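Printed here is work28.pdb (PDB, N, CA and C atoms):
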ATOM      1  N   MET U   1      11.354   0.652  -4.772
ATOM      2  CA  MET U   1      12.306   1.507  -4.136
ATOM      3  C   MET U   1      13.690   1.307  -4.748
ATOM      4  N   GLN U   2      14.022   0.057  -5.055
ATOM      5  CA  GLN U   2      15.317  -0.202  -5.685
ATOM      6  C   GLN U   2      15.420   0.502  -7.032
ATOM      7  N   LYS U   3      14.335   0.448  -7.805
ATOM      8  CA  LYS U   3      14.316   1.067  -9.128
ATOM      9  C   LYS U   3      14.586   2.570  -9.049
ATOM     10  N   GLU U   4      14.116   3.212  -7.975
ATOM     11  CA  GLU U   4      14.271   4.656  -7.786
ATOM     12  C   GLU U   4      15.503   5.000  -6.954
ATOM     13  N   ASN U   5      16.326   3.995  -6.642
ATOM     14  CA  ASN U   5      17.536   4.176  -5.818
ATOM     15  C   ASN U   5      17.226   4.767  -4.449
ATOM     16  N   ILE U   6      16.123   4.345  -3.852
ATOM     17  CA  ILE U   6      15.755   4.766  -2.509
ATOM     18  C   ILE U   6      16.219   3.673  -1.550
ATOM     19  N   LYS U   7      17.130   4.028  -0.665
ATOM     20  CA  LYS U   7      17.690   3.059   0.271
ATOM     21  C   LYS U   7      16.718   2.830   1.422
ATOM     22  N   ILE U   8      16.532   1.557   1.781
ATOM     23  CA  ILE U   8      15.645   1.276   2.901
ATOM     24  C   ILE U   8      16.247   1.788   4.202
ATOM     25  N   THR U   9      17.554   1.913   4.253
ATOM     26  CA  THR U   9      18.202   2.429   5.462
ATOM     27  C   THR U   9      17.901   3.915   5.674
ATOM     28  N   GLU U  10      17.417   4.601   4.635
ATOM     29  CA  GLU U  10      17.036   6.019   4.724
ATOM     30  C   GLU U  10      15.517   6.170   4.836
ATOM     31  N   THR U  11      14.819   5.053   4.958
ATOM     32  CA  THR U  11      13.352   5.050   4.961
ATOM     33  C   THR U  11      12.836   4.613   6.323
ATOM     34  N   GLY U  12      12.113   5.509   6.985
ATOM     35  CA  GLY U  12      11.562   5.203   8.290
ATOM     36  C   GLY U  12      10.345   4.312   8.176
ATOM     37  N   CYS U  13      10.220   3.410   9.129
ATOM     38  CA  CYS U  13       9.096   2.491   9.140
ATOM     39  C   CYS U  13       8.915   1.979  10.561
ATOM     40  N   THR U  14       7.901   1.151  10.750
ATOM     41  CA  THR U  14       7.640   0.549  12.053
ATOM     42  C   THR U  14       7.540  -0.966  11.897
ATOM     43  N   PHE U  15       7.290  -1.629  13.008
ATOM     44  CA  PHE U  15       7.127  -3.073  13.002
ATOM     45  C   PHE U  15       6.040  -3.479  12.008
ATOM     46  N   PRO U  16       6.226  -4.476  11.209
ATOM     47  CA  PRO U  16       7.286  -5.469  11.220
ATOM     48  C   PRO U  16       8.460  -5.149  10.303
ATOM     49  N   ASN U  17       8.406  -4.046   9.583
ATOM     50  CA  ASN U  17       9.433  -3.753   8.587
ATOM     51  C   ASN U  17      10.758  -3.264   9.143
ATOM     52  N   ILE U  18      10.875  -3.050  10.448
ATOM     53  CA  ILE U  18      12.169  -2.616  10.974
ATOM     54  C   ILE U  18      13.088  -3.804  11.247
ATOM     55  N   ALA U  19      12.605  -4.999  11.018
ATOM     56  CA  ALA U  19      13.454  -6.187  11.121
ATOM     57  C   ALA U  19      14.406  -6.219   9.932
ATOM     58  N   GLN U  20      15.505  -6.943  10.087
ATOM     59  CA  GLN U  20      16.422  -7.092   8.954
ATOM     60  C   GLN U  20      15.695  -7.751   7.791
ATOM     61  N   THR U  21      16.066  -7.345   6.586
ATOM     62  CA  THR U  21      15.418  -7.848   5.375
ATOM     63  C   THR U  21      15.470  -9.367   5.283
ATOM     64  N   LYS U  22      16.529  -9.974   5.802
ATOM     65  CA  LYS U  22      16.648 -11.440   5.694
ATOM     66  C   LYS U  22      15.481 -12.158   6.372
ATOM     67  N   TYR U  23      14.870 -11.546   7.368
ATOM     68  CA  TYR U  23      13.735 -12.170   8.045
ATOM     69  C   TYR U  23      12.412 -11.920   7.316
ATOM     70  N   LEU U  24      12.360 -10.859   6.514
ATOM     71  CA  LEU U  24      11.141 -10.536   5.775
ATOM     72  C   LEU U  24      11.099 -11.198   4.409
ATOM     73  N   GLU U  25      12.268 -11.286   3.765
ATOM     74  CA  GLU U  25      12.333 -11.826   2.410
ATOM     75  C   GLU U  25      13.031 -13.178   2.343
ATOM     76  N   LEU U  26      13.423 -13.702   3.505
ATOM     77  CA  LEU U  26      14.082 -15.001   3.615
ATOM     78  C   LEU U  26      15.300 -15.111   2.709
ATOM     79  N   ASN U  27      16.207 -14.138   2.871
ATOM     80  CA  ASN U  27      17.471 -14.160   2.138
ATOM     81  C   ASN U  27      18.586 -13.777   3.113
ATOM     82  N   GLU U  28      19.760 -13.458   2.635
ATOM     83  CA  GLU U  28      20.899 -13.150   3.507
ATOM     84  C   GLU U  28      21.121 -11.649   3.695
ATOM     85  N   ASP U  29      20.238 -10.815   3.192
ATOM     86  CA  ASP U  29      20.383  -9.361   3.280
ATOM     87  C   ASP U  29      20.115  -8.898   4.716
ATOM     88  N   THR U  30      21.100  -8.246   5.337
ATOM     89  CA  THR U  30      20.959  -7.819   6.732
ATOM     90  C   THR U  30      20.568  -6.342   6.869
ATOM     91  N   THR U  31      20.282  -5.670   5.759
ATOM     92  CA  THR U  31      19.853  -4.276   5.859
ATOM     93  C   THR U  31      18.451  -4.217   6.458
ATOM     94  N   ALA U  32      18.108  -3.039   6.977
ATOM     95  CA  ALA U  32      16.798  -2.876   7.603
ATOM     96  C   ALA U  32      16.328  -1.441   7.416
ATOM     97  N   PHE U  33      15.027  -1.256   7.470
ATOM     98  CA  PHE U  33      14.464   0.086   7.446
ATOM     99  C   PHE U  33      14.907   0.829   8.700
ATOM    100  N   ALA U  34      14.973   2.147   8.596
ATOM    101  CA  ALA U  34      15.281   2.987   9.752
ATOM    102  C   ALA U  34      14.069   3.033  10.670
ATOM    103  N   ASN U  35      14.315   3.254  11.961
ATOM    104  CA  ASN U  35      13.204   3.469  12.883
ATOM    105  C   ASN U  35      12.484   4.749  12.498
ATOM    106  N   LEU U  36      11.186   4.770  12.691
ATOM    107  CA  LEU U  36      10.379   5.936  12.340
ATOM    108  C   LEU U  36      10.807   7.161  13.137
ATOM    109  N   ASN U  37      11.107   8.243  12.404
ATOM    110  CA  ASN U  37      11.395   9.546  13.000
ATOM    111  C   ASN U  37      10.783  10.576  12.059
ATOM    112  N   THR U  38       9.610  11.069  12.388
ATOM    113  CA  THR U  38       8.864  11.951  11.488
ATOM    114  C   THR U  38       9.514  13.314  11.303
ATOM    115  N   GLU U  39      10.574  13.592  12.048
ATOM    116  CA  GLU U  39      11.306  14.857  11.888
ATOM    117  C   GLU U  39      12.495  14.689  10.954
ATOM    118  N   GLU U  40      13.111  13.509  10.958
ATOM    119  CA  GLU U  40      14.402  13.335  10.287
ATOM    120  C   GLU U  40      14.438  12.361   9.117
ATOM    121  N   ASN U  41      13.546  11.374   9.068
ATOM    122  CA  ASN U  41      13.631  10.391   7.988
ATOM    123  C   ASN U  41      13.538  11.055   6.627
ATOM    124  N   LYS U  42      14.402  10.625   5.711
ATOM    125  CA  LYS U  42      14.350  11.142   4.333
ATOM    126  C   LYS U  42      13.094  10.634   3.634
ATOM    127  N   TYR U  43      12.747   9.373   3.903
ATOM    128  CA  TYR U  43      11.543   8.748   3.358
ATOM    129  C   TYR U  43      10.809   8.051   4.496
ATOM    130  N   ILE U  44       9.522   7.831   4.316
ATOM    131  CA  ILE U  44       8.729   7.054   5.260
ATOM    132  C   ILE U  44       7.819   6.124   4.469
ATOM    133  N   LEU U  45       7.795   4.863   4.893
ATOM    134  CA  LEU U  45       6.895   3.873   4.309
ATOM    135  C   LEU U  45       5.765   3.643   5.304
ATOM    136  N   TYR U  46       4.546   3.925   4.885
ATOM    137  CA  TYR U  46       3.381   3.848   5.766
ATOM    138  C   TYR U  46       2.316   2.936   5.172
ATOM    139  N   SER U  47       1.686   2.159   6.034
ATOM    140  CA  SER U  47       0.590   1.304   5.610
ATOM    141  C   SER U  47      -0.490   1.296   6.675
ATOM    142  N   ASN U  48      -1.725   1.073   6.259
ATOM    143  CA  ASN U  48      -2.816   0.991   7.223
ATOM    144  C   ASN U  48      -2.806  -0.323   8.007
ATOM    145  N   ILE U  49      -1.892  -1.231   7.710
ATOM    146  CA  ILE U  49      -1.792  -2.459   8.501
ATOM    147  C   ILE U  49      -0.700  -2.381   9.571
ATOM    148  N   TYR U  50       0.072  -1.286   9.596
ATOM    149  CA  TYR U  50       1.078  -1.095  10.648
ATOM    150  C   TYR U  50       0.397  -0.478  11.862
ATOM    151  N   ASN U  51       0.592  -1.069  13.033
ATOM    152  CA  ASN U  51      -0.069  -0.597  14.244
ATOM    153  C   ASN U  51       0.710   0.480  14.992
ATOM    154  N   ASP U  52       1.956   0.687  14.672
ATOM    155  CA  ASP U  52       2.814   1.574  15.459
ATOM    156  C   ASP U  52       2.820   3.027  15.004
ATOM    157  N   PHE U  53       2.036   3.387  14.018
ATOM    158  CA  PHE U  53       1.926   4.785  13.595
ATOM    159  C   PHE U  53       0.818   5.437  14.424
ATOM    160  N   SER U  54       1.187   6.438  15.211
ATOM    161  CA  SER U  54       0.168   7.141  15.994
ATOM    162  C   SER U  54      -0.536   8.146  15.089
ATOM    163  N   GLU U  55      -1.637   8.653  15.575
ATOM    164  CA  GLU U  55      -2.349   9.686  14.820
ATOM    165  C   GLU U  55      -1.463  10.921  14.632
ATOM    166  N   LYS U  56      -0.688  11.228  15.654
ATOM    167  CA  LYS U  56       0.258  12.354  15.599
ATOM    168  C   LYS U  56       1.300  12.119  14.500
ATOM    169  N   ASP U  57       1.832  10.889  14.409
ATOM    170  CA  ASP U  57       2.794  10.540  13.354
ATOM    171  C   ASP U  57       2.175  10.735  11.973
ATOM    172  N   ILE U  58       0.969  10.225  11.793
ATOM    173  CA  ILE U  58       0.293  10.310  10.491
ATOM    174  C   ILE U  58       0.070  11.769  10.104
ATOM    175  N   ASN U  59      -0.355  12.596  11.053
ATOM    176  CA  ASN U  59      -0.549  14.026  10.768
ATOM    177  C   ASN U  59       0.757  14.714  10.397
ATOM    178  N   LYS U  60       1.854  14.382  11.082
ATOM    179  CA  LYS U  60       3.166  14.966  10.759
ATOM    180  C   LYS U  60       3.618  14.542   9.359
ATOM    181  N   ILE U  61       3.397  13.279   9.044
ATOM    182  CA  ILE U  61       3.786  12.771   7.718
ATOM    183  C   ILE U  61       3.019  13.514   6.631
ATOM    184  N   ARG U  62       1.728  13.644   6.793
ATOM    185  CA  ARG U  62       0.907  14.313   5.777
ATOM    186  C   ARG U  62       1.231  15.794   5.663
ATOM    187  N   LYS U  63       1.744  16.395   6.731
ATOM    188  CA  LYS U  63       2.101  17.810   6.716
ATOM    189  C   LYS U  63       3.515  18.056   6.159
ATOM    190  N   ASN U  64       4.468  17.202   6.517
ATOM    191  CA  ASN U  64       5.876  17.452   6.220
ATOM    192  C   ASN U  64       6.471  16.583   5.120
ATOM    193  N   TYR U  65       5.670  15.705   4.555
ATOM    194  CA  TYR U  65       6.162  14.780   3.530
ATOM    195  C   TYR U  65       5.257  14.829   2.307
ATOM    196  N   ILE U  66       5.801  14.384   1.185
ATOM    197  CA  ILE U  66       5.067  14.315  -0.078
ATOM    198  C   ILE U  66       4.898  12.837  -0.437
ATOM    199  N   LYS U  67       3.671  12.417  -0.722
ATOM    200  CA  LYS U  67       3.448  11.036  -1.154
ATOM    201  C   LYS U  67       3.987  10.886  -2.568
ATOM    202  N   ILE U  68       4.928   9.943  -2.739
ATOM    203  CA  ILE U  68       5.522   9.756  -4.069
ATOM    204  C   ILE U  68       5.142   8.423  -4.707
ATOM    205  N   LYS U  69       4.614   7.502  -3.910
ATOM    206  CA  LYS U  69       4.213   6.210  -4.459
ATOM    207  C   LYS U  69       3.107   5.638  -3.591
ATOM    208  N   SER U  70       2.151   4.978  -4.231
ATOM    209  CA  SER U  70       1.025   4.417  -3.497
ATOM    210  C   SER U  70       0.584   3.117  -4.153
ATOM    211  N   TYR U  71       0.407   2.087  -3.328
ATOM    212  CA  TYR U  71      -0.123   0.808  -3.792
ATOM    213  C   TYR U  71      -1.372   0.498  -2.982
ATOM    214  N   LYS U  72      -2.403  -0.019  -3.642
ATOM    215  CA  LYS U  72      -3.649  -0.365  -2.962
ATOM    216  C   LYS U  72      -4.138  -1.711  -3.481
ATOM    217  N   SER U  73      -4.625  -2.528  -2.547
ATOM    218  CA  SER U  73      -5.197  -3.814  -2.934
ATOM    219  C   SER U  73      -6.081  -4.337  -1.819
ATOM    220  N   LEU U  74      -7.338  -4.603  -2.146
ATOM    221  CA  LEU U  74      -8.278  -5.235  -1.221
ATOM    222  C   LEU U  74      -8.351  -4.532   0.137
ATOM    223  N   GLY U  75      -8.377  -3.224   0.132
ATOM    224  CA  GLY U  75      -8.515  -2.453   1.361
ATOM    225  C   GLY U  75      -7.213  -2.152   2.084
ATOM    226  N   VAL U  76      -6.126  -2.719   1.617
ATOM    227  CA  VAL U  76      -4.810  -2.474   2.218
ATOM    228  C   VAL U  76      -4.063  -1.485   1.340
ATOM    229  N   PHE U  77      -3.410  -0.501   1.979
ATOM    230  CA  PHE U  77      -2.591   0.410   1.190
ATOM    231  C   PHE U  77      -1.192   0.509   1.766
ATOM    232  N   LEU U  78      -0.267   0.857   0.904
ATOM    233  CA  LEU U  78       1.132   1.059   1.243
ATOM    234  C   LEU U  78       1.544   2.342   0.552
ATOM    235  N   GLU U  79       2.064   3.318   1.317
ATOM    236  CA  GLU U  79       2.408   4.620   0.749
ATOM    237  C   GLU U  79       3.848   4.981   1.096
ATOM    238  N   LEU U  80       4.548   5.494   0.110
ATOM    239  CA  LEU U  80       5.919   5.947   0.302
ATOM    240  C   LEU U  80       5.932   7.466   0.245
ATOM    241  N   TYR U  81       6.488   8.066   1.277
ATOM    242  CA  TYR U  81       6.552   9.523   1.380
ATOM    243  C   TYR U  81       7.993   9.988   1.374
ATOM    244  N   LYS U  82       8.218  11.187   0.828
ATOM    245  CA  LYS U  82       9.539  11.816   0.833
ATOM    246  C   LYS U  82       9.453  13.115   1.621
ATOM    247  N   ASN U  83      10.436  13.337   2.478
ATOM    248  CA  ASN U  83      10.478  14.538   3.296
ATOM    249  C   ASN U  83      10.516  15.773   2.404
ATOM    250  N   LYS U  84       9.692  16.780   2.706
ATOM    251  CA  LYS U  84       9.649  18.007   1.904
ATOM    252  C   LYS U  84      10.962  18.772   1.947
ATOM    253  N   LYS U  85      11.800  18.497   2.944
ATOM    254  CA  LYS U  85      13.114  19.139   3.024
ATOM    255  C   LYS U  85      13.992  18.740   1.836
ATOM    256  N   ASN U  86      13.687  17.576   1.261
ATOM    257  CA  ASN U  86      14.445  17.065   0.113
ATOM    258  C   ASN U  86      13.711  17.419  -1.171
ATOM    259  N   GLU U  87      14.370  17.254  -2.280
ATOM    260  CA  GLU U  87      13.726  17.608  -3.554
ATOM    261  C   GLU U  87      12.463  16.796  -3.763
ATOM    262  N   SER U  88      11.451  17.419  -4.337
ATOM    263  CA  SER U  88      10.187  16.719  -4.560
ATOM    264  C   SER U  88      10.240  15.936  -5.866
ATOM    265  N   ARG U  89       9.383  14.938  -5.948
ATOM    266  CA  ARG U  89       9.223  14.197  -7.203
ATOM    267  C   ARG U  89       7.757  13.915  -7.432
ATOM    268  N   LYS U  90       7.436  13.507  -8.644
ATOM    269  CA  LYS U  90       6.050  13.248  -9.042
ATOM    270  C   LYS U  90       5.411  12.160  -8.210
ATOM    271  N   ILE U  91       4.124  12.290  -7.995
ATOM    272  CA  ILE U  91       3.351  11.242  -7.325
ATOM    273  C   ILE U  91       3.075  10.148  -8.346
ATOM    274  N   ILE U  92       3.338   8.930  -7.941
ATOM    275  CA  ILE U  92       3.113   7.787  -8.817
ATOM    276  C   ILE U  92       2.145   6.856  -8.102
ATOM    277  N   SER U  93       1.044   6.508  -8.720
ATOM    278  CA  SER U  93       0.093   5.579  -8.112
ATOM    279  C   SER U  93      -0.018   4.345  -8.970
ATOM    280  N   LYS U  94      -0.213   3.215  -8.306
ATOM    281  CA  LYS U  94      -0.354   1.961  -9.024
ATOM    282  C   LYS U  94      -1.294   1.074  -8.227
ATOM    283  N   SER U  95      -2.243   0.484  -8.892
ATOM    284  CA  SER U  95      -3.142  -0.444  -8.232
ATOM    285  C   SER U  95      -2.755  -1.849  -8.654
ATOM    286  N   ASN U  96      -2.655  -2.747  -7.700
ATOM    287  CA  ASN U  96      -2.257  -4.113  -7.977
ATOM    288  C   ASN U  96      -3.175  -5.033  -7.184
ATOM    289  N   LYS U  97      -4.020  -5.774  -7.846
ATOM    290  CA  LYS U  97      -5.009  -6.591  -7.157
ATOM    291  C   LYS U  97      -4.462  -7.921  -6.687
ATOM    292  N   SER U  98      -3.306  -8.372  -7.188
ATOM    293  CA  SER U  98      -2.823  -9.682  -6.788
ATOM    294  C   SER U  98      -1.950  -9.634  -5.531
ATOM    295  N   ARG U  99      -1.098  -8.612  -5.398
ATOM    296  CA  ARG U  99      -0.256  -8.488  -4.209
ATOM    297  C   ARG U  99       0.284  -7.074  -4.129
ATOM    298  N   ILE U 100       0.846  -6.730  -2.993
ATOM    299  CA  ILE U 100       1.437  -5.413  -2.810
ATOM    300  C   ILE U 100       2.944  -5.571  -2.837
ATOM    301  N   PRO U 101       3.645  -5.005  -3.820
ATOM    302  CA  PRO U 101       5.101  -5.144  -3.877
ATOM    303  C   PRO U 101       5.776  -4.261  -2.831
ATOM    304  N   PHE U 102       6.868  -4.733  -2.258
ATOM    305  CA  PHE U 102       7.575  -3.973  -1.234
ATOM    306  C   PHE U 102       8.873  -3.366  -1.739
ATOM    307  N   ASN U 103       9.308  -3.694  -2.938
ATOM    308  CA  ASN U 103      10.521  -3.036  -3.461
ATOM    309  C   ASN U 103      10.449  -2.940  -4.954
TER
END
Please lay out the structure from this file as structure tokens.
Amino acid sequence: MQKENIKITETGCTFPNIAQTKYLELNEDTTAFANLNTEENKYILYSNIYNDFSEKDINKIRKNYIKIKSYKSLGVFLELYKNKKNESRKIISKSNKSRIPFN
């Protein structure tokens, strides 16, 4: 996300990623992902390990957002979506068997 200049403050997510970055990456960064709002978030970070995405949320994301990045490893996936209201960009997929990068 840093490489693409996508701010986490503009990216909707759910627990545990809505905590300040300092608690997730053990540093002094106090920024945090935005709370999930499937109508307004510029970007949404979704994973099958997050429990707070309802079926309704997932359907709205797939309807109103474009998947721009996807990581998969050992049955776990992490997908970054961009709101269709904003300019679209190419879908980029990457498989990483050792770990799933978050930025």
May I have the residues within 5 Å of U:Thr30 as a short mmCIF file (atom, residue, chain, number, x, y, z; two decimals) with N, CA and C atoms, keeping the file's coordinate frame, using all atoms listed in the file and disregarding those fewer than 6 positions away in the same chain?
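Final output, saved to selection_12.cif:
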data_model
loop_
_atom_site.label_atom_id
_atom_site.label_comp_id
_atom_site.auth_asym_id
_atom_site.auth_seq_id
_atom_site.Cartn_x
_atom_site.Cartn_y
_atom_site.Cartn_z
N GLN U 20 15.50 -6.94 10.09
CA GLN U 20 16.42 -7.09 8.95
C GLN U 20 15.70 -7.75 7.79
N THR U 21 16.07 -7.34 6.59
CA THR U 21 15.42 -7.85 5.38
C THR U 21 15.47 -9.37 5.28
N LYS U 22 16.53 -9.97 5.80
CA LYS U 22 16.65 -11.44 5.69
C LYS U 22 15.48 -12.16 6.37
#
Q) What separation in Å, quoted to one decimal, exists between atom CA of U:Ile66 and atom CA of U:Ile18? A) 21.4 Å
Q | DSSP-assigned strand (DSSP E) among stretch 1-101 of chain U, expressed as a PyMOL selection string | A | chain U and resi 11-13+34-35+43-47+65-73+76-83+92-95
Q: Write out as a ChimeraX atom specification each polymer residue whose atoms come within 6.5 Å of U:Thr14, counting all atoms listed in the file; drop sequence neighbours fewer than 5 positions from it.
A: /U:34-36,45,52
Q. Hey, what comes out of the PyMOL selection byres ((chain U and resi 69) around 5) on this file? Could you write it as a list in words?
A.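 Here the PyMOL selection byres ((chain U and resi 69) around 5) matches Lys67, Ile68, Ser70, Tyr71, Glu79, Leu80 and Ile92 of chain U.
Proximity ranking of U:Thr31, U:Asn51, U:Thr38, U:Asn17 relative to U:Asn64 places U:Thr38 first, based on only C-alpha atoms.
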Q: Point out the residue among U:Phe77, U:Ile44, U:Pro16, U:Lys7 with the least atom-to-atom distance to U:Ile61, counting only N, CA and C atoms.
A: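 Comparing U:Phe77, U:Ile44, U:Pro16, U:Lys7 against U:Ile61, the winner is U:Ile44.
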Q | Backbone DSSP call of alpha helix (DSSP H) for stretch 39-74 of chain U, listed as a ChimeraX atom specification | A | /U:55-64
Q.
Considering only C-alpha atoms, can you say which of U:Asp57, U:Gly75, U:Tyr81, U:Asn5 comes closest to U:Glu39?
A.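 Between U:Asp57, U:Gly75, U:Tyr81, U:Asn5, the residue approaching U:Glu39 most closely is U:Asp57.
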